[in-house]
Amino acid sequence: MTEREYNECVTAYADNVYRFILKNLRHEEDARDVVQTAFEKMWRNLDEIDARKSKSYLFTVAYHQMIDHIRKVKRIQLRDEFSDESKVQNRPANNLKKILEEALSRLNETQRSLVLLKDYEGYSYEEIGRITGLNESQVKVYLHRARIQLKEWLVKMENVI
């Protein structure tokens, strides 16, 4: 990959990678740090990267950086995962975006990433497998289970009203 191709890659994919990471982390500064680190790794490995596969390489590196970041944060903070689950909250019916974000936040990191890569970014099962390090069958199974969890949570009346 040349310097020019790298710059074109930054222009073409920076927003997509940032949105993907931000949807998973839900913290702007952390998302920027992860994306910056991914582009930095890409810059350091320019000679080894095929320009035609730069998008896949970038998403793969960003995904792995995000997982490392999540693990680091989990070691630092203790999270009380069930306190919000026991409360029934009143939500406006027209706030679909918040409802969907809440539903996605209930998934584990792998499931959330698979849903976002497939349904939001439009990657194929094979490409998702290369990005996440899973085989195609695992991607399909995990994605199916994630969608079932989303459906079960979204159809509960107390979660919508």
# chains A, B, ... in the order shown; residues from 1 in each chain; ligands from 1

$ residues_around --residues "region 55-72 of chain A" --least-positions-apart "5" --cutoff "10 Å" --atoms "only C-alpha atoms" --output "ChimeraX atom specification"
/A:9-10,12-14,16-18,20-22,24-25,30-31,33-39,41-42,49-50,77,109-110,113,117,123,127-133

$ residues_around --residues "Ala51 (chain A)" --least-positions-apart "6" --cutoff "9 Å" --atoms "only C-alpha atoms" --output "list of chain:residue names"
A:Met1, A:Thr2, A:Glu5, A:Tyr6, A:Cys9

$ residues_around --residues "Ala146 (chain A)" --least-positions-apart "6" --cutoff "10 Å" --atoms "only C-alpha atoms" --output "PyMOL selection string"
chain A and resi 104+106-108+110-115+140+152

$ atom_distance --atom1 "CA of Val139 (chain A)" --atom2 "CA of Tyr125 (chain A)"
6.4 Å

$ closest_residue --among "A:Lys23, A:Arg44, A:Arg4, A:Lys74" --to "Ser105 (chain A)" --atoms "only C-alpha atoms"
A:Lys23

$ select_by_dssp --residues "region 2-150 of chain A" --states "helix (DSSP H, G or I)" --output "MDAnalysis selection string"
chainID A and resid 3:25 28:44 46:48 51:76 96:105 109:120 125:132 136:150

$ atom_distance --atom1 "CA of Tyr142 (chain A)" --atom2 "CA of Lys118 (chain A)"
11.6 Å
